[in-house]
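Asker: The following file, target39.cif, comprises mmCIF, C-alpha atoms and all ligand atoms:
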```
data_final
#
loop_
_atom_site.label_atom_id
_atom_site.label_comp_id
_atom_site.auth_asym_id
_atom_site.auth_seq_id
_atom_site.Cartn_x
_atom_site.Cartn_y
_atom_site.Cartn_z
CA MET A 829 15.05 -17.76 10.93
CA THR A 830 13.11 -16.53 7.89
CA GLN A 831 14.06 -12.93 8.81
CA LYS A 832 17.65 -13.65 7.68
CA MET A 833 16.67 -14.95 4.25
CA LYS A 834 16.86 -12.83 1.11
CA PRO A 835 13.60 -11.26 -0.19
CA ALA A 836 13.27 -13.71 -3.11
CA THR A 837 13.50 -16.64 -0.70
CA LEU A 838 11.03 -15.02 1.70
CA CYS A 839 8.53 -14.65 -1.17
CA VAL A 840 8.58 -18.41 -1.64
CA GLN A 841 9.32 -19.76 1.84
CA ALA A 842 8.18 -17.35 4.57
CA GLY A 843 4.92 -17.57 6.49
CA TRP A 844 3.97 -21.23 6.31
CA THR A 845 6.51 -23.81 7.53
CA PRO A 846 4.83 -27.24 7.64
CA LYS A 847 5.63 -29.62 10.44
CA ASN A 848 6.19 -33.34 9.84
CA GLY A 849 3.39 -34.77 7.70
CA GLU A 850 1.58 -31.45 7.25
CA SER A 851 0.45 -29.99 3.92
CA ARG A 852 3.39 -28.57 1.92
CA VAL A 853 1.20 -25.83 0.50
CA LEU A 854 -0.39 -23.23 2.80
CA PRO A 855 -3.74 -24.78 3.80
CA ILE A 856 -6.97 -22.78 3.52
CA ILE A 857 -8.53 -22.94 6.98
CA GLN A 858 -12.00 -21.94 5.83
CA SER A 859 -13.51 -22.03 9.31
CA THR A 860 -15.03 -19.20 11.29
CA THR A 861 -14.43 -20.89 14.59
CA PHE A 862 -12.03 -23.09 16.61
CA LYS A 863 -12.83 -25.70 19.24
CA TYR A 864 -11.47 -25.91 22.84
CA ASP A 865 -11.73 -28.65 25.45
CA ASN A 866 -12.63 -26.47 28.41
CA THR A 867 -14.06 -23.05 29.27
CA GLU A 868 -10.92 -21.69 30.88
CA GLU A 869 -8.75 -22.17 27.78
CA MET A 870 -11.15 -20.11 25.71
CA ALA A 871 -11.48 -17.50 28.50
CA ASP A 872 -7.68 -17.02 28.52
CA LEU A 873 -7.78 -16.25 24.81
CA PHE A 874 -10.47 -13.62 25.33
CA ASP A 875 -8.37 -12.02 28.08
CA LEU A 876 -5.29 -11.95 25.78
CA LYS A 877 -3.49 -14.11 28.37
CA LYS A 878 -2.71 -16.78 25.78
CA GLU A 879 -2.30 -16.76 22.01
CA GLY A 880 -4.62 -18.87 19.92
CA TYR A 881 -7.48 -18.88 17.46
CA PHE A 882 -11.10 -18.62 18.46
CA TYR A 883 -12.94 -16.63 15.79
CA THR A 884 -11.79 -15.72 12.29
CA ARG A 885 -12.87 -12.07 12.53
CA LEU A 886 -9.92 -11.64 14.89
CA GLN A 887 -7.40 -14.17 13.62
CA ASN A 888 -7.21 -17.09 11.21
CA PRO A 889 -4.19 -19.38 10.59
CA THR A 890 -4.21 -18.94 6.77
CA ASN A 891 -4.45 -15.15 7.04
CA ASP A 892 -1.76 -15.06 9.73
CA ALA A 893 0.70 -17.09 7.64
CA VAL A 894 0.34 -14.64 4.74
CA ALA A 895 0.61 -11.64 7.08
CA ALA A 896 3.80 -13.18 8.53
CA LYS A 897 5.26 -13.47 5.01
CA ILE A 898 4.57 -9.78 4.31
CA ALA A 899 5.99 -8.79 7.73
CA ALA A 900 9.17 -10.75 6.92
CA LEU A 901 9.44 -9.11 3.48
CA GLU A 902 9.08 -5.61 4.96
CA GLY A 903 11.33 -6.41 7.94
CA GLY A 904 8.55 -5.69 10.46
CA VAL A 905 7.66 -7.26 13.81
CA GLY A 906 4.13 -8.14 12.73
CA ALA A 907 1.41 -7.58 10.15
CA MET A 908 -2.35 -7.82 9.84
CA LEU A 909 -4.31 -8.52 6.65
CA THR A 910 -7.41 -6.48 5.86
CA SER A 911 -10.16 -6.96 3.29
CA SER A 912 -8.92 -4.03 1.13
CA GLY A 913 -6.18 -1.44 0.84
CA GLN A 914 -8.72 1.20 1.87
CA ALA A 915 -9.32 -0.68 5.13
CA ALA A 916 -5.54 -0.96 5.72
CA ASN A 917 -5.04 2.82 5.51
CA PHE A 918 -8.13 3.45 7.65
CA TYR A 919 -6.95 1.03 10.36
CA ALA A 920 -3.37 2.34 10.31
CA ILE A 921 -4.58 5.86 11.12
CA PHE A 922 -7.55 4.97 13.33
CA ASN A 923 -5.34 2.82 15.60
CA ILE A 924 -3.64 6.01 16.86
CA CYS A 925 -6.13 8.80 16.06
CA GLN A 926 -9.51 9.51 17.59
CA ALA A 927 -12.04 12.36 17.38
CA GLY A 928 -10.24 15.64 18.05
CA ASP A 929 -6.92 14.39 16.62
CA HIS A 930 -5.12 15.51 13.48
CA PHE A 931 -2.50 14.12 11.08
CA VAL A 932 -0.44 15.45 8.20
CA THR A 933 -0.39 13.79 4.79
CA SER A 934 1.19 14.30 1.40
CA ASN A 935 -1.38 15.41 -1.19
CA GLU A 936 0.26 13.10 -3.77
CA ILE A 937 -1.78 10.05 -2.79
CA TYR A 938 -4.31 7.68 -4.35
CA GLY A 939 -7.72 9.36 -4.87
CA GLY A 940 -9.54 6.84 -2.67
CA THR A 941 -7.14 7.54 0.21
CA TYR A 942 -7.50 11.29 -0.39
CA ASN A 943 -11.25 10.95 -0.01
CA LEU A 944 -10.98 8.66 3.04
CA PHE A 945 -8.71 11.17 4.78
CA GLY A 946 -10.32 14.43 3.66
CA VAL A 947 -14.01 13.47 3.83
CA THR A 948 -14.77 10.28 5.76
CA LEU A 949 -12.25 10.61 8.62
CA LYS A 950 -13.35 14.23 8.99
CA LYS A 951 -16.89 12.97 9.69
CA LEU A 952 -15.37 10.91 12.53
CA GLY A 953 -13.77 14.05 13.97
CA ILE A 954 -10.23 13.32 12.69
CA GLU A 955 -8.79 16.16 10.64
CA CYS A 956 -5.83 16.12 8.29
CA THR A 957 -3.71 18.72 6.54
CA PHE A 958 -2.61 17.97 2.97
CA ILE A 959 0.90 19.20 2.15
CA SER A 960 3.04 19.08 -0.97
CA GLN A 961 5.76 16.48 -0.47
CA GLU A 962 8.11 18.78 -2.35
CA ALA A 963 7.61 21.56 0.23
CA SER A 964 10.57 22.50 2.42
CA GLU A 965 11.01 20.90 5.84
CA GLU A 966 10.01 24.21 7.48
CA GLU A 967 6.81 24.42 5.44
CA ILE A 968 5.85 20.85 6.39
CA ASP A 969 6.76 21.55 10.06
CA ALA A 970 4.25 24.40 9.99
CA ALA A 971 1.39 21.95 9.29
CA PHE A 972 1.94 20.17 12.64
CA ARG A 973 -0.27 20.99 15.66
CA PRO A 974 -0.17 19.87 19.30
CA ASN A 975 -2.85 17.23 18.46
CA THR A 976 -1.03 15.85 15.36
CA LYS A 977 -0.58 12.06 15.63
CA ALA A 978 1.00 10.88 12.34
CA LEU A 979 2.61 11.79 9.03
CA PHE A 980 1.53 9.87 5.90
CA GLY A 981 2.79 9.44 2.32
CA GLU A 982 3.04 6.96 -0.58
CA THR A 983 6.47 5.67 -1.64
CA ILE A 984 5.37 6.03 -5.29
CA SER A 985 2.17 8.02 -5.73
CA ASN A 986 -0.81 6.74 -7.72
CA PRO A 987 -1.38 7.93 -10.44
CA GLY A 988 1.32 10.66 -10.64
CA GLY A 989 4.34 8.42 -9.97
CA GLN A 990 5.98 10.95 -7.59
CA ILE A 991 8.63 9.45 -5.31
CA LEU A 992 8.59 10.31 -1.62
CA ASP A 993 11.77 11.43 0.12
CA ILE A 994 11.23 8.93 2.95
CA GLU A 995 14.26 10.00 5.03
CA LYS A 996 13.10 13.63 5.00
CA PHE A 997 9.58 12.59 5.99
CA ALA A 998 10.87 10.29 8.79
CA ARG A 999 13.03 13.12 10.16
CA ILE A 1000 10.06 15.51 10.22
CA ALA A 1001 7.69 12.96 11.81
CA HIS A 1002 10.15 12.02 14.55
CA LYS A 1003 11.01 15.64 15.30
CA HIS A 1004 7.29 16.06 16.13
CA GLY A 1005 7.10 12.81 18.14
CA VAL A 1006 4.80 10.96 15.72
CA PRO A 1007 5.20 7.88 13.49
CA LEU A 1008 5.68 7.98 9.72
CA ILE A 1009 3.13 5.79 7.92
CA ILE A 1010 3.99 4.82 4.34
CA ASP A 1011 1.73 3.24 1.72
CA ASN A 1012 4.25 1.00 -0.06
CA THR A 1013 1.79 -0.52 -2.57
CA PHE A 1014 3.51 0.35 -5.84
CA PRO A 1015 7.17 -0.60 -5.22
CA THR A 1016 6.35 -3.53 -2.87
CA PRO A 1017 9.10 -4.62 -0.45
CA ILE A 1018 10.95 -6.11 -3.42
CA ASN A 1019 11.90 -2.63 -4.63
CA CYS A 1020 11.74 -0.56 -1.42
CA ARG A 1021 11.61 -1.34 2.28
CA PRO A 1022 10.56 1.94 3.96
CA PHE A 1023 11.56 0.75 7.47
CA GLU A 1024 15.20 0.81 6.32
CA TRP A 1025 14.76 4.56 5.66
CA GLY A 1026 13.12 5.37 9.02
CA ALA A 1027 9.39 4.76 8.38
CA ASP A 1028 7.50 3.24 11.32
CA ILE A 1029 4.38 1.67 9.81
CA VAL A 1030 3.76 0.43 6.27
CA THR A 1031 0.45 -0.23 4.51
CA HIS A 1032 -0.39 -2.06 1.29
CA SER A 1033 -3.20 -2.53 -1.14
CA THR A 1034 -2.36 -6.21 -1.73
CA THR A 1035 -4.88 -6.03 -4.60
CA LYS A 1036 -2.03 -4.68 -6.74
CA TYR A 1037 1.41 -6.23 -7.41
CA MET A 1038 1.40 -8.49 -4.34
CA ASP A 1039 -1.53 -10.41 -5.79
CA GLY A 1040 -0.62 -9.42 -9.33
CA HIS A 1041 -3.31 -11.52 -11.03
CA ALA A 1042 -6.39 -9.40 -10.20
CA THR A 1043 -8.02 -12.21 -8.21
CA GLN A 1044 -8.56 -10.67 -4.76
CA VAL A 1045 -9.07 -7.26 -3.13
CA GLY A 1046 -6.98 -7.00 0.03
CA GLY A 1047 -4.76 -4.90 2.25
CA CYS A 1048 -2.12 -5.17 4.93
CA VAL A 1049 -0.70 -3.10 7.81
CA VAL A 1050 2.88 -3.83 8.93
CA ASP A 1051 4.60 -2.43 12.04
CA SER A 1052 8.37 -1.97 12.30
CA GLY A 1053 8.08 -2.12 16.11
CA ASN A 1054 10.53 0.81 16.21
CA PHE A 1055 8.33 3.70 17.32
CA ASP A 1056 8.61 4.42 21.06
CA TRP A 1057 4.96 5.07 21.98
CA ASP A 1058 5.71 5.42 25.69
CA ALA A 1059 8.20 8.22 24.99
CA HIS A 1060 5.18 10.20 23.67
CA ALA A 1061 2.57 8.66 25.96
CA ASP A 1062 0.51 11.88 26.18
CA LYS A 1063 -0.12 11.68 22.41
CA PHE A 1064 -1.07 8.00 22.30
CA PRO A 1065 -3.39 7.23 25.24
CA GLY A 1066 -4.96 4.34 23.31
CA LEU A 1067 -1.64 2.46 23.43
CA CYS A 1068 -0.12 3.78 26.66
CA THR A 1069 -3.07 3.86 29.10
CA PRO A 1070 -5.39 1.02 30.21
CA ASP A 1071 -7.95 -0.33 27.71
CA GLU A 1072 -11.18 -0.77 29.65
CA SER A 1073 -12.51 -3.12 26.97
CA TYR A 1074 -9.66 -5.52 27.93
CA HIS A 1075 -9.93 -5.37 31.74
CA GLY A 1076 -7.60 -2.39 32.04
CA LEU A 1077 -4.67 -3.89 30.10
CA THR A 1078 -2.10 -1.39 28.73
CA TYR A 1079 -0.83 -2.43 25.27
CA THR A 1080 2.69 -0.96 25.53
CA LYS A 1081 3.25 -2.48 29.00
CA LYS A 1082 1.97 -5.96 28.12
CA PHE A 1083 3.10 -6.29 24.49
CA GLY A 1084 6.15 -4.00 24.06
CA LYS A 1085 7.12 -3.86 20.37
CA MET A 1086 3.88 -5.65 19.45
CA ALA A 1087 1.67 -3.00 21.15
CA TYR A 1088 0.45 -1.32 17.94
CA MET A 1089 -0.21 -4.66 16.18
CA THR A 1090 -2.00 -6.18 19.17
CA LYS A 1091 -4.31 -3.17 19.52
CA LEU A 1092 -4.99 -3.26 15.79
CA VAL A 1093 -6.14 -6.88 15.93
CA ALA A 1094 -7.60 -7.16 19.42
CA GLN A 1095 -9.47 -3.86 19.45
CA LEU A 1096 -10.05 -2.52 15.92
CA MET A 1097 -10.51 -5.79 14.06
CA ARG A 1098 -12.67 -7.08 16.92
CA ASP A 1099 -14.92 -4.01 16.74
CA LEU A 1100 -14.89 -3.12 13.04
CA GLY A 1101 -14.32 -6.41 11.22
CA SER A 1102 -12.97 -6.25 7.65
CA ILE A 1103 -10.87 -9.41 7.50
CA PRO A 1104 -10.12 -11.07 4.17
CA SER A 1105 -11.56 -14.52 3.58
CA PRO A 1106 -8.92 -17.26 4.08
CA HIS A 1107 -9.46 -18.21 0.44
CA ASN A 1108 -8.45 -14.69 -0.64
CA ALA A 1109 -5.40 -14.87 1.61
CA PHE A 1110 -4.47 -18.14 -0.12
CA LEU A 1111 -4.73 -16.45 -3.55
CA LEU A 1112 -2.63 -13.55 -2.27
CA ASN A 1113 0.01 -16.01 -1.10
CA LEU A 1114 0.23 -17.56 -4.58
CA GLY A 1115 0.88 -14.06 -5.94
CA LEU A 1116 3.53 -13.37 -3.31
CA GLU A 1117 5.42 -16.54 -4.28
CA THR A 1118 6.38 -14.94 -7.63
CA LEU A 1119 6.44 -11.27 -6.61
CA HIS A 1120 10.24 -10.99 -6.91
CA LEU A 1121 10.20 -12.34 -10.48
CA ARG A 1122 7.23 -10.28 -11.60
CA MET A 1123 8.49 -6.96 -10.19
CA GLN A 1124 11.74 -7.33 -12.08
CA ARG A 1125 9.90 -7.99 -15.34
CA HIS A 1126 7.36 -5.17 -14.76
CA CYS A 1127 10.26 -2.73 -14.28
CA GLU A 1128 12.25 -3.95 -17.31
CA ASN A 1129 9.19 -3.73 -19.58
CA ALA A 1130 8.09 -0.34 -18.22
CA GLN A 1131 11.57 1.10 -18.73
CA ARG A 1132 11.54 0.03 -22.40
CA VAL A 1133 8.00 1.31 -22.95
CA ALA A 1134 8.81 4.67 -21.28
CA GLU A 1135 11.92 5.08 -23.44
CA PHE A 1136 9.88 4.24 -26.56
CA LEU A 1137 7.13 6.75 -25.67
CA GLU A 1138 9.63 9.49 -24.87
CA LYS A 1139 11.13 9.21 -28.37
CA ASP A 1140 7.79 9.23 -30.24
CA ASP A 1141 6.85 12.69 -31.52
CA ARG A 1142 3.10 12.06 -31.08
CA VAL A 1143 3.71 11.85 -27.32
CA ALA A 1144 3.64 15.19 -25.45
CA TRP A 1145 5.15 14.06 -22.15
CA VAL A 1146 6.09 10.93 -20.15
CA HIS A 1147 6.48 10.54 -16.36
CA TYR A 1148 8.49 7.49 -15.35
CA SER A 1149 11.12 7.71 -12.65
CA GLY A 1150 13.48 5.41 -14.59
CA LEU A 1151 13.94 8.09 -17.29
CA PRO A 1152 16.96 10.36 -16.67
CA SER A 1153 14.77 13.27 -17.86
CA ASP A 1154 12.20 12.63 -15.09
CA LYS A 1155 12.21 14.98 -12.09
CA ASN A 1156 12.01 11.95 -9.76
CA TYR A 1157 15.07 10.25 -11.29
CA SER A 1158 17.52 11.03 -8.46
CA LEU A 1159 15.03 10.11 -5.70
CA ALA A 1160 14.35 6.85 -7.58
CA LYS A 1161 18.10 6.11 -7.77
CA LYS A 1162 18.32 6.50 -3.99
CA TYR A 1163 15.17 4.70 -2.83
CA LEU A 1164 14.46 2.34 -5.75
CA PRO A 1165 17.86 1.34 -7.18
CA ASN A 1166 16.50 -1.91 -8.64
CA GLY A 1167 13.52 -0.27 -10.36
CA SER A 1168 10.29 1.36 -9.22
CA CYS A 1169 7.20 -0.35 -10.70
CA GLY A 1170 5.40 -0.84 -14.01
CA VAL A 1171 3.19 2.25 -13.94
CA ILE A 1172 3.81 5.03 -16.46
CA ALA A 1173 1.86 8.29 -16.84
CA PHE A 1174 1.95 9.99 -20.24
CA GLY A 1175 0.06 12.41 -22.45
CA LEU A 1176 -0.43 12.57 -26.21
CA LYS A 1177 -0.26 15.72 -28.32
CA GLY A 1178 -3.86 16.78 -28.98
CA ASP A 1179 -6.80 16.87 -26.62
CA ARG A 1180 -8.92 14.56 -24.41
CA GLN A 1181 -10.35 13.01 -27.60
CA THR A 1182 -6.86 12.03 -28.84
CA ALA A 1183 -6.31 10.01 -25.67
CA ILE A 1184 -9.67 8.29 -26.12
CA GLN A 1185 -8.92 7.50 -29.77
CA PHE A 1186 -5.54 5.97 -28.83
CA MET A 1187 -7.01 3.86 -26.04
CA ASP A 1188 -9.92 2.60 -28.13
CA ALA A 1189 -7.44 1.47 -30.81
CA LEU A 1190 -5.47 -0.75 -28.39
CA LYS A 1191 -6.01 -4.44 -29.09
CA MET A 1192 -4.14 -6.48 -26.46
CA ILE A 1193 -3.82 -3.79 -23.79
CA ALA A 1194 -7.13 -3.65 -21.93
CA ILE A 1195 -9.05 -0.66 -20.59
CA VAL A 1196 -9.71 -1.60 -16.94
CA THR A 1197 -10.13 0.13 -13.59
CA HIS A 1198 -7.08 -1.58 -12.24
CA VAL A 1199 -3.33 -1.20 -12.09
CA ALA A 1200 -0.30 -3.32 -11.16
CA ASP A 1201 -1.55 -6.46 -12.87
CA ALA A 1202 0.36 -9.14 -14.81
CA ARG A 1203 -1.61 -8.06 -17.91
CA THR A 1204 -0.83 -4.64 -19.37
CA CYS A 1205 -3.75 -2.29 -18.81
CA VAL A 1206 -4.62 1.33 -19.32
CA LEU A 1207 -6.91 3.97 -17.79
CA HIS A 1208 -7.75 7.55 -18.76
CA PRO A 1209 -8.75 9.26 -15.49
CA ALA A 1210 -10.45 12.15 -17.36
CA SER A 1211 -12.84 9.67 -19.05
CA HIS A 1212 -13.15 7.20 -16.18
CA THR A 1213 -12.40 7.82 -12.51
CA HIS A 1214 -12.64 11.64 -12.83
CA ARG A 1215 -15.11 11.92 -15.76
CA GLN A 1216 -17.46 14.36 -14.00
CA LEU A 1217 -14.71 17.03 -13.86
CA SER A 1218 -14.01 19.77 -16.42
CA ASP A 1219 -10.45 20.20 -17.75
CA GLU A 1220 -9.93 23.05 -15.27
CA GLN A 1221 -11.23 21.02 -12.31
CA LEU A 1222 -9.02 18.12 -13.39
CA ARG A 1223 -5.93 20.32 -13.31
CA GLU A 1224 -6.91 21.55 -9.83
CA ALA A 1225 -7.16 17.91 -8.71
CA GLY A 1226 -3.62 17.35 -10.03
CA VAL A 1227 -4.75 15.14 -12.95
CA ALA A 1228 -3.87 16.41 -16.42
CA PRO A 1229 -6.86 15.97 -18.81
CA ASP A 1230 -4.59 14.13 -21.23
CA LEU A 1231 -3.02 11.83 -18.57
CA ILE A 1232 -3.05 8.19 -19.62
CA ARG A 1233 -2.06 5.73 -16.89
CA LEU A 1234 -0.38 2.75 -18.47
CA SER A 1235 0.28 -0.21 -16.18
CA VAL A 1236 2.90 -2.27 -17.99
CA GLY A 1237 2.52 -6.01 -17.47
CA ILE A 1238 4.84 -8.99 -17.76
CA GLU A 1239 4.08 -10.05 -21.36
CA ASP A 1240 6.84 -10.09 -23.98
CA CYS A 1241 7.70 -6.41 -24.33
CA GLU A 1242 7.75 -6.63 -28.14
CA ASP A 1243 4.01 -7.39 -28.09
CA ILE A 1244 3.28 -4.50 -25.72
CA LEU A 1245 5.26 -2.11 -27.93
CA ALA A 1246 3.58 -3.43 -31.10
CA ASP A 1247 0.12 -2.74 -29.66
CA ILE A 1248 1.08 0.78 -28.56
CA ARG A 1249 2.70 1.46 -31.98
CA GLN A 1250 -0.36 0.37 -33.97
CA ALA A 1251 -2.69 2.39 -31.73
CA LEU A 1252 -0.50 5.50 -32.13
CA ASN A 1253 -0.64 5.00 -35.91
CA THR A 1254 -4.43 5.39 -35.86
CA ILE A 1255 -4.16 8.95 -34.49
CA LYS A 1256 -4.64 11.50 -37.22
C1 LIG A 1301 -1.51 3.32 -3.46
C2 LIG A 1301 -2.86 2.75 -3.15
N1 LIG A 1301 -3.25 2.63 -1.86
C3 LIG A 1301 -4.45 2.12 -1.54
C4 LIG A 1301 -5.35 1.73 -2.51
C5 LIG A 1301 -6.69 1.17 -2.12
O1 LIG A 1301 -6.63 -0.21 -2.24
P1 LIG A 1301 -7.90 -1.17 -2.50
O2 LIG A 1301 -8.42 -0.86 -3.87
O3 LIG A 1301 -7.31 -2.53 -2.34
O4 LIG A 1301 -8.91 -0.87 -1.45
C6 LIG A 1301 -4.99 1.83 -3.86
C7 LIG A 1301 -5.93 1.40 -4.92
O5 LIG A 1301 -5.70 1.62 -6.11
C8 LIG A 1301 -3.71 2.36 -4.19
O6 LIG A 1301 -3.30 2.49 -5.46
#
```
Could you spell out this file's structure in structure tokens?
Ligand SMILES: Cc1ncc(COP(=O)(O)O)c(C=O)c1O
Answerer:
Amino acid sequence: MTQKMKPATLCVQAGWTPKNGESRVLPIIQSTTFKYDNTEEMADLFDLKKEGYFYTRLQNPTNDAVAAKIAALEGGVGAMLTSSGQAANFYAIFNICQAGDHFVTSNEIYGGTYNLFGVTLKKLGIECTFISQEASEEEIDAAFRPNTKALFGETISNPGGQILDIEKFARIAHKHGVPLIIDNTFPTPINCRPFEWGADIVTHSTTKYMDGHATQVGGCVVDSGNFDWDAHADKFPGLCTPDESYHGLTYTKKFGKMAYMTKLVAQLMRDLGSIPSPHNAFLLNLGLETLHLRMQRHCENAQRVAEFLEKDDRVAWVHYSGLPSDKNYSLAKKYLPNGSCGVIAFGLKGDRQTAIQFMDALKMIAIVTHVADARTCVLHPASHTHRQLSDEQLREAGVAPDLIRLSVGIEDCEDILADIRQALNTIK
């Protein structure tokens, strides 16, 4: 029933529906374990013959209610929460790739994901090819190999703010018989639902807008249920052939559209762990209840701030897809008609030092290693996350030395603008 509701209603109502006399608010089931009356009932759960809770590393009612809300918002068949966004992207790939496999990914992705894919997965024997998302279809086709198992991209890249042409990416992935996995962290399902454009699996760092208050680190993997694994059974033996660790059960045969999700929980979460605490899931749910209101305000404020910065002659450049001058403007109109997110990238005239001087002069806007928060915050990658790199190395890594990442919050925009104005006035 919740699937038919509008996104704003799902934010508030989906996931937890109390029965008569039950708690109105999602309860925190802070228990590692669940009690059964006889041995056979518990044995059936272990054999995946029945659904039920037995140990929180695999499933927990609070976590599941929040995952169900996110699945409803994205329009998926199921979702699983993880303890971080990093874990979500790792699980999404590792559920269908093993040593000897390969996948293709846009190079316009969050630095942590870039490192996970290019360094850590490589150590596990899984290789990837980074491609420019602006490359032609033929150029991207050329990156595929017989052992390629997925295509990956971010709807809006962090920190560059590039917008992915999801339909183009879905077409390429499906031509090669593999799913398209999209990290939809920045727009959230309020501003873009990648399944509607052909994506198969969506991931989130719920640490960002979904929480929105910087209170928990978390992630989520959502499956559309649309990818036909059996049609490409040779590529996905983990889903389409018997799992010896579950008495020879075959996920696609037993679970149909829930095959990918069931394997994710029953095999990967069982073996690798990385669940969020139920208390964190509860905090995430509070954030989700206002996500629709906050995203609208983030976008309105960011649009005004971007327009202000673009007009100021101390500013060298501004990247925000809501500006008609931005190269992503037409992609944003197509995929994000109601707004993109609150994150702006800009540079000041001058050098690295000018950026530092501006940031140090800010009074309300805080310097933090975070983004997508209710409070406006700012980061200078050249001085923080990438501080060991020279200007030349920074450019090679796709981060301009003068790039300031401004995450516009939901305060009164006049106060945000006043702080930026006074900080700009301190620059000589
Ligand atoms: C787009 C994107 N994906 C994934 C992550 C990783 O998420 P987490 O920090 O929750 O592990 C981040 C973190 O900034 C991100 O921006």
Asker: Give me, as JSON lines, each residue of chain A that comes within 6 Å of ligand LIG 1301 (chain A), together with its shortest interatomic pair and the distance in Å at one decimal, counting only C-alpha atoms and all ligand atoms, with rows ordered by chain and rising residue number.
Answerer:
```
{"residue": "A:Ser912", "atom": "CA", "partner": "A:LIG1301", "partner_atom": "O4", "distance": 4.1}
{"residue": "A:Gly913", "atom": "CA", "partner": "A:LIG1301", "partner_atom": "O1", "distance": 3.3}
{"residue": "A:Gln914", "atom": "CA", "partner": "A:LIG1301", "partner_atom": "O4", "distance": 3.9}
{"residue": "A:Tyr938", "atom": "CA", "partner": "A:LIG1301", "partner_atom": "C1", "distance": 5.3}
{"residue": "A:Asn986", "atom": "CA", "partner": "A:LIG1301", "partner_atom": "O6", "distance": 5.4}
{"residue": "A:Thr1013", "atom": "CA", "partner": "A:LIG1301", "partner_atom": "C1", "distance": 5.1}
{"residue": "A:Ser1033", "atom": "CA", "partner": "A:LIG1301", "partner_atom": "O3", "distance": 4.3}
{"residue": "A:Thr1035", "atom": "CA", "partner": "A:LIG1301", "partner_atom": "O3", "distance": 4.8}
{"residue": "A:Val1045", "atom": "CA", "partner": "A:LIG1301", "partner_atom": "O3", "distance": 5.1}
{"residue": "A:Gly1046", "atom": "CA", "partner": "A:LIG1301", "partner_atom": "O3", "distance": 5.1}
{"residue": "A:Gly1047", "atom": "CA", "partner": "A:LIG1301", "partner_atom": "O3", "distance": 5.8}
```
Asker: Which value, in Å to one decimal, gives the distance between CA of His1075 (chain A) and CA of Phe918 (chain A)?
Answerer: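 Atom-to-atom, CA of His1075 (chain A) to CA of Phe918 (chain A), that is 25.7 Å.
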Asker: Would you work out the distance separating CA of Cys1020 (chain A) from CA of Asp1056 (chain A), expressed in Å to one decimal?
Answerer: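 Interatomic distance, CA of Cys1020 (chain A) to CA of Asp1056 (chain A): 23.2 Å.
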Asker: Given the point (8.4, -1.6, -20.2) in the coordinates of this file, which residues lie within 12 Å, counting only C-alpha atoms, and how would they look as a PyMOL selection string?
Answerer: chain A and resi 1123-1137+1148+1150-1151+1167-1172+1204+1234-1245+1248
Asker: Hey, can you check how far CA of His1041 (chain A) sits from CA of His1120 (chain A)?
Answerer: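 Answer for the CA of His1041 (chain A) to CA of His1120 (chain A) separation: 14.2 Å.
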Asker: Might you pull out every residue within 8 Å of Ala895 (chain A), with all atoms listed in the file counted and same-chain residues fewer than 6 positions away left off, and present them as JSON, numbers by chain?
Answerer: {"A": [843, 906, 907, 908, 909, 1048]}
Asker: May I have the residues from that selection written out with C-alpha atoms, as a PDB file, keeping the file's coordinate frame?
Answerer:
```
ATOM      1  CA  GLY A 843       4.920 -17.570   6.490  1.00  0.00           C
ATOM      2  CA  GLY A 906       4.130  -8.140  12.730  1.00  0.00           C
ATOM      3  CA  ALA A 907       1.410  -7.580  10.150  1.00  0.00           C
ATOM      4  CA  MET A 908      -2.350  -7.820   9.840  1.00  0.00           C
ATOM      5  CA  LEU A 909      -4.310  -8.520   6.650  1.00  0.00           C
ATOM      6  CA  CYS A1048      -2.120  -5.170   4.930  1.00  0.00           C
TER       7      CYS A1048
END
```
Asker: Pick out the closest residue to Cys1068 (chain A) from this set: A:Val1143, A:Leu1252, A:Val853, A:Ile924. Count only C-alpha atoms.
Answerer: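 Distance minimum relative to Cys1068 (chain A) lands on A:Ile924.
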Asker: With distances taken over only C-alpha atoms, which of A:Phe874, A:Phe997, A:Phe1186, A:Phe980 is nearest to Ile1029 (chain A)?
Answerer: A:Phe980
Asker: Find the spatial neighbours of Lys1081 (chain A), counting all atoms listed in the file, within a cut-off of 9 Å - ignore same-chain residues fewer than 3 positions away - and output them as a list in words.
Answerer: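 Listed by chain and then number, they are Asp1058, Leu1067, Cys1068, Thr1069, Leu1077, Thr1078, Gly1084 and Ala1087 of chain A.
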Asker: Give me, as a PyMOL selection string, all polymer residues having an atom no more than 9 Å from Ala1228 (chain A), counting all atoms listed in the file and skipping those fewer than 3 positions away in the same chain.
Answerer: chain A and resi 1175+1209-1210+1219+1222-1225+1231-1232
Asker: Do a neighbour search on region 1102-1118 of chain A at 9 Å with all atoms listed in the file, toss out local chain neighbours closer than 6 positions, and write the hits as a ChimeraX atom specification.
Answerer: /A:836-841,854-859,884-895,897-898,908-912,915,1034-1035,1037-1041,1043-1047
Asker: Would you mind telling me which residue in A:Gln1250, A:Met1089, A:Asn1054, A:His1212 lies nearest to Met1192 (chain A) when using all atoms listed in the file?
Answerer: A:Gln1250
Asker: Name all residues at most 8 Å from region 1024-1027 of chain A (count only C-alpha atoms; drop same-chain ones fewer than 4 positions away) and give them as a ChimeraX atom specification.
Answerer: /A:994-995,998-999,1007-1010,1052
